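K.L.:
So that you have it, the file is model.cif, and it contains mmCIF, C-alpha atoms:
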data_my_file
#
loop_
_atom_site.group_PDB
_atom_site.id
_atom_site.type_symbol
_atom_site.label_atom_id
_atom_site.label_comp_id
_atom_site.auth_asym_id
_atom_site.auth_seq_id
_atom_site.Cartn_x
_atom_site.Cartn_y
_atom_site.Cartn_z
ATOM 1 C CA MET A 2 -3.715 -24.979 2.384
ATOM 2 C CA ASP A 3 -5.159 -26.854 5.383
ATOM 3 C CA SER A 4 -1.677 -27.671 6.658
ATOM 4 C CA GLU A 5 -0.910 -23.942 6.913
ATOM 5 C CA ILE A 6 -3.837 -23.297 9.237
ATOM 6 C CA LYS A 7 -3.343 -23.788 12.967
ATOM 7 C CA LYS A 8 -5.469 -26.152 15.038
ATOM 8 C CA HIS A 9 -8.665 -24.682 16.350
ATOM 9 C CA SER A 10 -9.775 -24.254 19.946
ATOM 10 C CA ILE A 11 -13.136 -24.733 21.629
ATOM 11 C CA ALA A 12 -13.661 -20.977 21.458
ATOM 12 C CA ASP A 13 -12.990 -21.085 17.711
ATOM 13 C CA ARG A 14 -15.624 -23.797 17.339
ATOM 14 C CA ILE A 15 -18.189 -21.796 19.297
ATOM 15 C CA VAL A 16 -17.608 -18.748 17.098
ATOM 16 C CA TYR A 17 -17.819 -20.886 13.973
ATOM 17 C CA VAL A 18 -21.106 -22.472 15.075
ATOM 18 C CA PHE A 19 -22.503 -18.998 15.688
ATOM 19 C CA VAL A 20 -21.388 -17.892 12.203
ATOM 20 C CA CYS A 21 -23.073 -20.962 10.689
ATOM 21 C CA PHE A 22 -26.293 -20.146 12.555
ATOM 22 C CA TYR A 23 -26.078 -16.504 11.518
ATOM 23 C CA HIS A 24 -25.573 -17.569 7.909
ATOM 24 C CA MET A 25 -28.717 -19.715 7.997
ATOM 25 C CA LEU A 26 -30.581 -16.784 9.523
ATOM 26 C CA SER A 27 -29.291 -14.452 6.803
ATOM 27 C CA MET A 28 -30.732 -16.626 4.045
ATOM 28 C CA MET A 29 -34.236 -16.214 5.470
ATOM 29 C CA PHE A 30 -34.304 -12.502 4.641
ATOM 30 C CA PRO A 31 -34.396 -10.630 1.317
ATOM 31 C CA LEU A 32 -30.929 -9.253 0.559
ATOM 32 C CA LYS A 33 -31.819 -5.569 0.915
ATOM 33 C CA LEU A 34 -33.575 -6.083 4.243
ATOM 34 C CA TRP A 35 -30.607 -8.093 5.495
ATOM 35 C CA ILE A 36 -28.207 -5.314 4.461
ATOM 36 C CA ILE A 37 -30.372 -2.700 6.206
ATOM 37 C CA MET A 38 -30.270 -4.862 9.331
ATOM 38 C CA GLY A 39 -26.472 -4.873 9.018
ATOM 39 C CA LYS A 40 -26.497 -1.100 8.751
ATOM 40 C CA TYR A 41 -28.349 -0.769 12.051
ATOM 41 C CA LEU A 42 -26.145 -3.400 13.638
ATOM 42 C CA GLY A 43 -23.191 -1.188 12.693
ATOM 43 C CA SER A 44 -24.871 1.775 14.381
ATOM 44 C CA PHE A 45 -25.407 -0.315 17.491
ATOM 45 C CA LEU A 46 -21.738 -1.340 17.550
ATOM 46 C CA PHE A 47 -20.704 2.292 17.124
ATOM 47 C CA TYR A 48 -22.431 3.210 20.370
ATOM 48 C CA ILE A 49 -21.423 0.180 22.447
ATOM 49 C CA ASN A 50 -17.775 -0.002 21.306
ATOM 50 C CA PRO A 51 -16.067 3.116 22.702
ATOM 51 C CA HIS A 52 -12.563 1.727 22.062
ATOM 52 C CA HIS A 53 -12.799 1.485 18.280
ATOM 53 C CA ARG A 54 -15.101 4.498 18.061
ATOM 54 C CA LYS A 55 -12.414 6.564 19.751
ATOM 55 C CA ILE A 56 -9.695 5.298 17.384
ATOM 56 C CA ALA A 57 -11.862 6.149 14.368
ATOM 57 C CA LEU A 58 -12.572 9.654 15.636
ATOM 58 C CA ILE A 59 -8.881 10.253 16.440
ATOM 59 C CA ASN A 60 -7.796 9.076 12.979
ATOM 60 C CA LEU A 61 -10.422 11.166 11.207
ATOM 61 C CA ARG A 62 -9.520 14.323 13.100
ATOM 62 C CA PHE A 63 -5.805 13.715 12.553
ATOM 63 C CA ALA A 64 -6.300 13.086 8.824
ATOM 64 C CA PHE A 65 -8.693 15.914 8.015
ATOM 65 C CA GLY A 66 -7.644 18.495 10.613
ATOM 66 C CA ASP A 67 -9.653 21.687 10.194
ATOM 67 C CA GLU A 68 -11.066 20.579 6.820
ATOM 68 C CA LYS A 69 -14.093 19.105 8.571
ATOM 69 C CA THR A 70 -16.172 20.093 11.571
ATOM 70 C CA ASP A 71 -16.572 17.913 14.649
ATOM 71 C CA LYS A 72 -20.084 17.062 13.478
ATOM 72 C CA GLU A 73 -18.791 15.949 10.068
ATOM 73 C CA ILE A 74 -16.066 13.845 11.683
ATOM 74 C CA TYR A 75 -18.598 12.178 13.972
ATOM 75 C CA THR A 76 -20.962 11.477 11.059
ATOM 76 C CA ILE A 77 -18.209 9.881 8.965
ATOM 77 C CA ALA A 78 -17.188 7.656 11.899
ATOM 78 C CA HIS A 79 -20.801 6.612 12.467
ATOM 79 C CA ASP A 80 -21.347 5.944 8.754
ATOM 80 C CA HIS A 81 -18.126 3.919 8.698
ATOM 81 C CA PHE A 82 -19.458 1.558 11.370
ATOM 82 C CA ARG A 83 -22.633 1.237 9.321
ATOM 83 C CA GLN A 84 -20.550 0.260 6.307
ATOM 84 C CA LEU A 85 -18.782 -2.371 8.404
ATOM 85 C CA GLY A 86 -22.133 -3.756 9.528
ATOM 86 C CA MET A 87 -23.435 -3.983 5.958
ATOM 87 C CA ASN A 88 -20.184 -5.545 4.709
ATOM 88 C CA GLY A 89 -20.324 -8.093 7.516
ATOM 89 C CA HIS A 90 -23.891 -9.046 6.691
ATOM 90 C CA GLU A 91 -22.956 -9.490 3.034
ATOM 91 C CA TRP A 92 -19.912 -11.552 3.987
ATOM 92 C CA ILE A 93 -22.013 -13.920 6.099
ATOM 93 C CA ARG A 94 -24.060 -14.804 3.023
ATOM 94 C CA LEU A 95 -20.930 -15.864 1.119
ATOM 95 C CA LYS A 96 -20.583 -18.993 3.264
ATOM 96 C CA GLY A 97 -21.070 -22.108 1.177
ATOM 97 C CA LEU A 98 -21.149 -19.996 -1.961
ATOM 98 C CA THR A 99 -22.524 -21.797 -5.031
ATOM 99 C CA PRO A 100 -22.064 -20.777 -8.689
ATOM 100 C CA GLY A 101 -25.711 -19.715 -8.877
ATOM 101 C CA ARG A 102 -25.487 -17.537 -5.792
ATOM 102 C CA LEU A 103 -22.185 -16.065 -6.983
ATOM 103 C CA ASN A 104 -23.796 -15.022 -10.278
ATOM 104 C CA LYS A 105 -26.524 -13.244 -8.310
ATOM 105 C CA VAL A 106 -23.864 -11.455 -6.236
ATOM 106 C CA LEU A 107 -21.996 -10.323 -9.353
ATOM 107 C CA GLU A 108 -25.223 -8.915 -10.810
ATOM 108 C CA PHE A 109 -25.070 -6.278 -8.076
ATOM 109 C CA VAL A 110 -21.565 -5.129 -9.081
ATOM 110 C CA GLN A 111 -20.957 -2.429 -11.691
ATOM 111 C CA VAL A 112 -17.637 -1.195 -13.093
ATOM 112 C CA GLU A 113 -16.300 2.303 -13.688
ATOM 113 C CA GLY A 114 -12.981 3.089 -15.377
ATOM 114 C CA GLU A 115 -12.675 -0.304 -17.023
ATOM 115 C CA GLU A 116 -10.639 1.345 -19.788
ATOM 116 C CA HIS A 117 -7.765 1.784 -17.310
ATOM 117 C CA ILE A 118 -7.433 -1.927 -16.545
ATOM 118 C CA ILE A 119 -7.819 -2.774 -20.246
ATOM 119 C CA ALA A 120 -5.033 -0.326 -21.169
ATOM 120 C CA ALA A 121 -2.723 -1.742 -18.490
ATOM 121 C CA ARG A 122 -3.361 -5.314 -19.597
ATOM 122 C CA LYS A 123 -2.430 -4.362 -23.160
ATOM 123 C CA LYS A 124 0.989 -3.273 -21.881
ATOM 124 C CA ASN A 125 1.556 -6.389 -19.804
ATOM 125 C CA ARG A 126 -0.481 -9.550 -19.435
ATOM 126 C CA SER A 127 -0.140 -9.302 -15.638
ATOM 127 C CA VAL A 128 -1.141 -6.347 -13.455
ATOM 128 C CA VAL A 129 -0.515 -5.382 -9.832
ATOM 129 C CA LEU A 130 -3.698 -3.952 -8.346
ATOM 130 C CA LEU A 131 -3.353 -1.347 -5.621
ATOM 131 C CA GLY A 132 -6.094 -2.129 -3.124
ATOM 132 C CA SER A 133 -6.929 -1.226 0.449
ATOM 133 C CA HIS A 134 -9.313 -2.018 3.284
ATOM 134 C CA PHE A 135 -12.026 -0.116 1.487
ATOM 135 C CA GLY A 136 -15.660 -1.063 0.864
ATOM 136 C CA ASN A 137 -16.676 -4.685 0.345
ATOM 137 C CA TRP A 138 -13.387 -5.955 -1.054
ATOM 138 C CA GLU A 139 -14.629 -9.567 -1.002
ATOM 139 C CA TYR A 140 -17.195 -8.675 -3.681
ATOM 140 C CA CYS A 141 -14.518 -6.746 -5.561
ATOM 141 C CA HIS A 142 -12.113 -9.678 -5.718
ATOM 142 C CA LEU A 143 -14.766 -12.232 -6.637
ATOM 143 C CA TYR A 144 -15.963 -9.997 -9.469
ATOM 144 C CA TYR A 145 -12.433 -9.385 -10.769
ATOM 145 C CA ALA A 146 -11.513 -13.066 -10.671
ATOM 146 C CA GLY A 147 -14.790 -14.080 -12.286
ATOM 147 C CA LYS A 148 -14.955 -11.454 -15.033
ATOM 148 C CA ILE A 149 -11.409 -10.250 -15.723
ATOM 149 C CA ASN A 150 -8.535 -12.523 -14.653
ATOM 150 C CA ARG A 151 -7.425 -14.964 -11.983
ATOM 151 C CA LEU A 152 -6.410 -13.014 -8.903
ATOM 152 C CA ASN A 153 -3.834 -13.586 -6.167
ATOM 153 C CA PHE A 154 -4.347 -11.965 -2.779
ATOM 154 C CA ILE A 155 -1.701 -11.831 -0.026
ATOM 155 C CA VAL A 156 -3.472 -11.685 3.337
ATOM 156 C CA ARG A 157 -3.040 -12.082 7.052
ATOM 157 C CA LYS A 158 -4.648 -15.225 8.421
ATOM 158 C CA LEU A 159 -7.859 -14.744 10.340
ATOM 159 C CA ASP A 160 -7.422 -15.473 14.052
ATOM 160 C CA ASN A 161 -10.101 -18.170 13.850
ATOM 161 C CA PRO A 162 -8.741 -21.032 11.678
ATOM 162 C CA LEU A 163 -12.226 -22.375 10.927
ATOM 163 C CA LEU A 164 -13.280 -19.013 9.500
ATOM 164 C CA GLU A 165 -9.981 -18.872 7.616
ATOM 165 C CA GLN A 166 -10.776 -22.224 6.012
ATOM 166 C CA GLU A 167 -14.176 -20.873 5.018
ATOM 167 C CA ARG A 168 -12.668 -17.750 3.445
ATOM 168 C CA SER A 169 -10.044 -19.777 1.601
ATOM 169 C CA TYR A 170 -12.641 -22.231 0.330
ATOM 170 C CA TYR A 171 -14.979 -19.836 -1.429
ATOM 171 C CA ASN A 172 -12.176 -17.596 -2.711
ATOM 172 C CA GLU A 173 -10.095 -20.375 -4.226
ATOM 173 C CA LYS A 174 -13.177 -22.105 -5.600
ATOM 174 C CA TYR A 175 -13.924 -18.972 -7.612
ATOM 175 C CA ASN A 176 -10.468 -18.047 -8.931
ATOM 176 C CA VAL A 177 -9.068 -15.955 -6.043
ATOM 177 C CA ASN A 178 -5.826 -17.531 -4.839
ATOM 178 C CA ILE A 179 -5.328 -16.830 -1.133
ATOM 179 C CA LEU A 180 -1.665 -16.473 -0.122
ATOM 180 C CA TYR A 181 -0.388 -15.681 3.350
ATOM 181 C CA LYS A 182 1.965 -12.805 3.995
ATOM 182 C CA GLU A 183 4.480 -15.027 5.823
ATOM 183 C CA ASN A 184 5.447 -16.900 2.644
ATOM 184 C CA GLY A 185 3.144 -15.704 -0.118
ATOM 185 C CA LEU A 186 5.391 -13.353 -2.086
ATOM 186 C CA ARG A 187 7.337 -15.982 -4.012
ATOM 187 C CA PRO A 188 4.252 -17.834 -5.336
ATOM 188 C CA ALA A 189 2.616 -14.468 -6.050
ATOM 189 C CA VAL A 190 5.523 -13.436 -8.294
ATOM 190 C CA LYS A 191 5.519 -16.879 -9.929
ATOM 191 C CA ASN A 192 1.810 -16.520 -10.711
ATOM 192 C CA LEU A 193 2.296 -12.987 -12.036
ATOM 193 C CA LYS A 194 4.837 -14.330 -14.476
ATOM 194 C CA LYS A 195 2.242 -16.897 -15.597
ATOM 195 C CA GLY A 196 -0.245 -14.151 -16.478
ATOM 196 C CA GLU A 197 -2.270 -13.969 -13.268
ATOM 197 C CA ASP A 198 -2.843 -10.708 -11.400
ATOM 198 C CA LEU A 199 -2.053 -9.686 -7.819
ATOM 199 C CA VAL A 200 -3.902 -7.348 -5.468
ATOM 200 C CA ILE A 201 -1.971 -5.840 -2.558
ATOM 201 C CA PHE A 202 -3.499 -3.883 0.307
ATOM 202 C CA ALA A 203 -0.954 -1.124 0.791
ATOM 203 C CA ASP A 204 -2.764 0.758 3.548
ATOM 204 C CA ARG A 205 -2.160 -1.335 6.645
ATOM 205 C CA LYS A 206 -0.052 0.067 9.464
ATOM 206 C CA ALA A 207 3.607 -0.943 9.406
ATOM 207 C CA GLY A 208 6.448 -0.829 11.871
ATOM 208 C CA ILE A 209 9.646 1.092 11.218
ATOM 209 C CA ARG A 210 11.525 -2.083 10.255
ATOM 210 C CA GLU A 211 9.015 -3.322 7.676
ATOM 211 C CA GLY A 212 8.008 0.027 6.180
ATOM 212 C CA ILE A 213 9.487 3.262 4.883
ATOM 213 C CA PRO A 214 8.362 6.799 5.753
ATOM 214 C CA ALA A 215 5.758 8.333 3.431
ATOM 215 C CA LEU A 216 3.010 10.915 3.764
ATOM 216 C CA PHE A 217 -0.637 9.973 4.162
ATOM 217 C CA PHE A 218 -3.056 12.886 4.461
ATOM 218 C CA GLY A 219 0.054 15.011 4.825
ATOM 219 C CA LYS A 220 1.170 13.118 7.945
ATOM 220 C CA LYS A 221 4.254 10.919 8.151
ATOM 221 C CA THR A 222 3.485 7.205 8.378
ATOM 222 C CA SER A 223 5.379 3.949 7.893
ATOM 223 C CA THR A 224 4.311 2.314 4.625
ATOM 224 C CA ILE A 225 5.169 -1.099 3.211
ATOM 225 C CA PRO A 226 6.974 -0.547 -0.144
ATOM 226 C CA LEU A 227 6.132 -3.976 -1.586
ATOM 227 C CA ILE A 228 4.333 -2.691 -4.679
ATOM 228 C CA ALA A 229 7.165 -0.330 -5.553
ATOM 229 C CA ALA A 230 9.748 -3.098 -5.117
ATOM 230 C CA LEU A 231 7.797 -5.499 -7.351
ATOM 231 C CA VAL A 232 7.264 -2.922 -10.079
ATOM 232 C CA LYS A 233 10.883 -1.779 -10.024
ATOM 233 C CA LYS A 234 12.116 -5.340 -10.519
ATOM 234 C CA TYR A 235 9.480 -6.768 -12.862
ATOM 235 C CA LYS A 236 7.936 -3.689 -14.565
ATOM 236 C CA PHE A 237 4.301 -4.661 -13.889
ATOM 237 C CA PRO A 238 1.680 -1.899 -14.331
ATOM 238 C CA ILE A 239 0.019 -0.626 -11.131
ATOM 239 C CA VAL A 240 -3.726 0.021 -11.322
ATOM 240 C CA PRO A 241 -5.591 1.337 -8.238
ATOM 241 C CA MET A 242 -8.833 -0.583 -7.637
ATOM 242 C CA PHE A 243 -11.540 0.308 -5.110
ATOM 243 C CA ILE A 244 -15.171 -0.672 -4.544
ATOM 244 C CA THR A 245 -17.930 1.599 -3.282
ATOM 245 C CA ARG A 246 -21.501 1.027 -2.165
ATOM 246 C CA CYS A 247 -24.267 2.659 -4.206
ATOM 247 C CA ASP A 248 -27.072 4.702 -2.668
ATOM 248 C CA ASP A 249 -29.537 1.801 -2.878
ATOM 249 C CA LEU A 250 -27.179 -0.105 -0.506
ATOM 250 C CA VAL A 251 -27.438 -3.334 -2.526
ATOM 251 C CA HIS A 252 -25.378 -2.418 -5.597
ATOM 252 C CA HIS A 253 -21.621 -1.842 -5.616
ATOM 253 C CA ARG A 254 -19.330 -0.081 -8.049
ATOM 254 C CA ILE A 255 -15.744 -1.134 -8.733
ATOM 255 C CA ILE A 256 -13.645 1.879 -9.710
ATOM 256 C CA PHE A 257 -10.379 1.479 -11.624
ATOM 257 C CA TYR A 258 -8.262 4.618 -11.465
ATOM 258 C CA PRO A 259 -5.645 5.425 -14.133
ATOM 259 C CA GLU A 260 -2.435 3.419 -13.972
ATOM 260 C CA ILE A 261 0.191 4.930 -11.686
ATOM 261 C CA ASN A 262 2.767 6.403 -14.058
ATOM 262 C CA THR A 263 6.293 5.316 -13.152
ATOM 263 C CA ASP A 264 7.946 6.008 -16.509
ATOM 264 C CA ASN A 265 9.830 9.125 -15.436
ATOM 265 C CA VAL A 266 10.787 7.986 -11.940
ATOM 266 C CA SER A 267 14.528 7.572 -11.465
ATOM 267 C CA ASP A 268 15.915 4.278 -10.172
ATOM 268 C CA GLU A 269 17.517 6.068 -7.244
ATOM 269 C CA ASP A 270 14.207 7.470 -5.966
ATOM 270 C CA PHE A 271 11.923 4.752 -7.344
ATOM 271 C CA ILE A 272 10.899 3.030 -4.100
ATOM 272 C CA ASP A 273 10.236 6.250 -2.183
ATOM 273 C CA THR A 274 8.444 7.984 -5.066
ATOM 274 C CA VAL A 275 6.185 5.078 -6.066
ATOM 275 C CA THR A 276 5.319 4.343 -2.434
ATOM 276 C CA GLN A 277 4.232 7.955 -2.060
ATOM 277 C CA LEU A 278 2.212 7.754 -5.281
ATOM 278 C CA GLN A 279 0.369 4.688 -3.948
ATOM 279 C CA ASN A 280 -0.468 6.543 -0.725
ATOM 280 C CA ASP A 281 -1.727 9.490 -2.779
ATOM 281 C CA ALA A 282 -3.998 7.177 -4.798
ATOM 282 C CA ILE A 283 -5.493 5.626 -1.657
ATOM 283 C CA GLU A 284 -5.968 9.047 -0.082
ATOM 284 C CA LYS A 285 -7.774 10.262 -3.196
ATOM 285 C CA ALA A 286 -10.272 7.405 -2.950
ATOM 286 C CA ILE A 287 -10.788 7.967 0.776
ATOM 287 C CA ARG A 288 -11.467 11.664 0.258
ATOM 288 C CA GLN A 289 -14.173 10.753 -2.259
ATOM 289 C CA PHE A 290 -15.752 8.104 -0.011
ATOM 290 C CA PRO A 291 -14.459 8.733 3.531
ATOM 291 C CA ASP A 292 -16.829 6.322 5.283
ATOM 292 C CA HIS A 293 -15.601 3.368 3.173
ATOM 293 C CA TRP A 294 -12.051 3.125 4.532
ATOM 294 C CA LEU A 295 -11.085 1.185 7.679
ATOM 295 C CA TRP A 296 -10.575 3.940 10.241
ATOM 296 C CA ILE A 297 -10.430 1.658 13.290
ATOM 297 C CA HIS A 298 -6.731 0.727 13.161
ATOM 298 C CA ARG A 299 -3.840 2.898 14.383
ATOM 299 C CA LYS A 300 -2.529 3.887 10.968
ATOM 300 C CA TRP A 301 -0.184 6.640 12.228
ATOM 301 C CA LYS A 302 1.026 4.869 15.385
ATOM 302 C CA CYS A 303 4.629 4.464 14.208
ATOM 303 C CA TYR A 304 5.459 8.187 14.053
ATOM 304 C CA HIS A 305 2.535 9.724 15.951
ATOM 305 C CA SER A 306 1.800 7.322 18.786
ATOM 306 C CA ASP A 307 0.939 10.249 21.082
ATOM 307 C CA ILE A 308 -2.393 10.886 19.314
ATOM 308 C CA TYR A 309 -3.724 7.513 20.540
ATOM 309 C CA LYS A 310 -2.941 8.082 24.214
#
Any chance you could put this one into structure tokens?
P.N.:
Amino acid sequence: MDSEIKKHSIADRIVYVFVCFYHMLSMMFPLKLWIIMGKYLGSFLFYINPHHRKIALINLRFAFGDEKTDKEIYTIAHDHFRQLGMNGHEWIRLKGLTPGRLNKVLEFVQVEGEEHIIAARKKNRSVVLLGSHFGNWEYCHLYYAGKINRLNFIVRKLDNPLLEQERSYYNEKYNVNILYKENGLRPAVKNLKKGEDLVIFADRKAGIREGIPALFFGKKTSTIPLIAALVKKYKFPIVPMFITRCDDLVHHRIIFYPEINTDNVSDEDFIDTVTQLQNDAIEKAIRQFPDHWLWIHRKWKCYHSDIYK
């Protein structure tokens, strides 16, 4: 793993030292107070970061159109930054994670729709989980790997290699196998065949060459068809999995939605149809919890670049 991570710069070291200091600071506060501090940090970032605030507001208006008022759009964007602040504060406390601290983290995670993952695992010992940049996915993956089955996760490397090493360390120590998108598909398939599971974030923006056209909130976007291609070839069940924050801010709820039914999809239309079904599943979760999804990337840039100008 270390050989795959680039050498770090002085700037990377400075950022890493700050993260270490911030982690030590985080452990001085009760968890709920620390999360509340993260919430207000998110509010602060919302007001001082006009670039990402603008992207979030553009995306929300484009997605929801006339379904929501300007005030509702603004509130969702603000709440989204608060979610990011709380997630960040929780992530900081995962540094140097010990088994005892992990058990305390998992005590704050509840599960809804567990019957859907159980049913899928009865059909096949390996499952492809449809995930997205939604809620505190680090908690979600640690819970799944600790309570249900070993999990593989194909990711993009963090820009800071020292932080990437930190993420890889605590994930792999606790049964989440980090694979990189440049060369992670082959080992992911190998591990699926061994009975491990794979989570894929199918919501990131894609260029025309790497994605196929599909609708998302009724708008054309380029979508990576990796899940559909895997399922077509290997017949793994697809189970959507999302995590939401409870009203008390401290607890989280993992929600398993029913398996995406591909039984009646023709081979000719399989990739297009299943890719659309995955987008529909992600959209359904976002409509239920709109502040939980990552609105600050240019999701529709490929076919609607004009909205970001």
K.L.:
Edge lengths and centre, in Å to one decimal, as lines of an AutoDock Vina configuration file: that's what I need for the box along x, y and z that holds all listed atoms of segment 200-207 of chain A plus 8 Å on each side.
P.N.:
center_x = -0.1
center_y = -3.3
center_z = 2.0
size_x = 23.5
size_y = 24.1
size_z = 30.9
K.L.:
Residue by residue, what does the PyMOL selection byres ((chain A and resi 21-31) around 12) grab here? Present the result as a PyMOL selection string.
P.N.:
chain A and resi 14-20+32-39+89-98+102+163-164+167+251
K.L.:
Please save C-alpha atoms of the selected residues as a short mmCIF file (atom, residue, chain, number, x, y, z; two decimals), keeping the file's coordinate frame.
P.N.:
data_model
loop_
_atom_site.label_atom_id
_atom_site.label_comp_id
_atom_site.auth_asym_id
_atom_site.auth_seq_id
_atom_site.Cartn_x
_atom_site.Cartn_y
_atom_site.Cartn_z
CA ARG A 14 -15.62 -23.80 17.34
CA ILE A 15 -18.19 -21.80 19.30
CA VAL A 16 -17.61 -18.75 17.10
CA TYR A 17 -17.82 -20.89 13.97
CA VAL A 18 -21.11 -22.47 15.08
CA PHE A 19 -22.50 -19.00 15.69
CA VAL A 20 -21.39 -17.89 12.20
CA LEU A 32 -30.93 -9.25 0.56
CA LYS A 33 -31.82 -5.57 0.92
CA LEU A 34 -33.58 -6.08 4.24
CA TRP A 35 -30.61 -8.09 5.50
CA ILE A 36 -28.21 -5.31 4.46
CA ILE A 37 -30.37 -2.70 6.21
CA MET A 38 -30.27 -4.86 9.33
CA GLY A 39 -26.47 -4.87 9.02
CA GLY A 89 -20.32 -8.09 7.52
CA HIS A 90 -23.89 -9.05 6.69
CA GLU A 91 -22.96 -9.49 3.03
CA TRP A 92 -19.91 -11.55 3.99
CA ILE A 93 -22.01 -13.92 6.10
CA ARG A 94 -24.06 -14.80 3.02
CA LEU A 95 -20.93 -15.86 1.12
CA LYS A 96 -20.58 -18.99 3.26
CA GLY A 97 -21.07 -22.11 1.18
CA LEU A 98 -21.15 -20.00 -1.96
CA ARG A 102 -25.49 -17.54 -5.79
CA LEU A 163 -12.23 -22.38 10.93
CA LEU A 164 -13.28 -19.01 9.50
CA GLU A 167 -14.18 -20.87 5.02
CA VAL A 251 -27.44 -3.33 -2.53
#
K.L.:
Which of these residues is nearest to Val275 of chain A, using all atoms listed in the file: A:Ser133, A:Asn88, A:Thr222, A:Asn262?
P.N.:
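Going through A:Ser133, A:Asn88, A:Thr222, A:Asn262 one by one, the smallest distance to Val275 of chain A is for A:Asn262.
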K.L.:
If you count all atoms listed in the file, which residues fall within 8 Å of Ile225 of chain A, apart from same-chain ones fewer than 5 positions away, as number ranges by chain?
P.N.:
A: 203, 207, 211-213, 276
K.L.:
Limited to C-alpha atoms, could you put the picked residues into a file as a compact mmCIF listing (two decimals), in the frame of the given file?
P.N.:
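Here's the written file result12.txt:
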# COMPACT_ATOMS: atom_id res chain seq x y z
CA ALA A 203 -0.95 -1.12 0.79
CA ALA A 207 3.61 -0.94 9.41
CA GLU A 211 9.02 -3.32 7.68
CA GLY A 212 8.01 0.03 6.18
CA ILE A 213 9.49 3.26 4.88
CA THR A 276 5.32 4.34 -2.43
K.L.:
Of the candidates A:Lys174, A:Lys158, A:Arg246, A:Lys236, which one gets nearest to Val112 of chain A if we count only C-alpha atoms?
P.N.:
A:Arg246
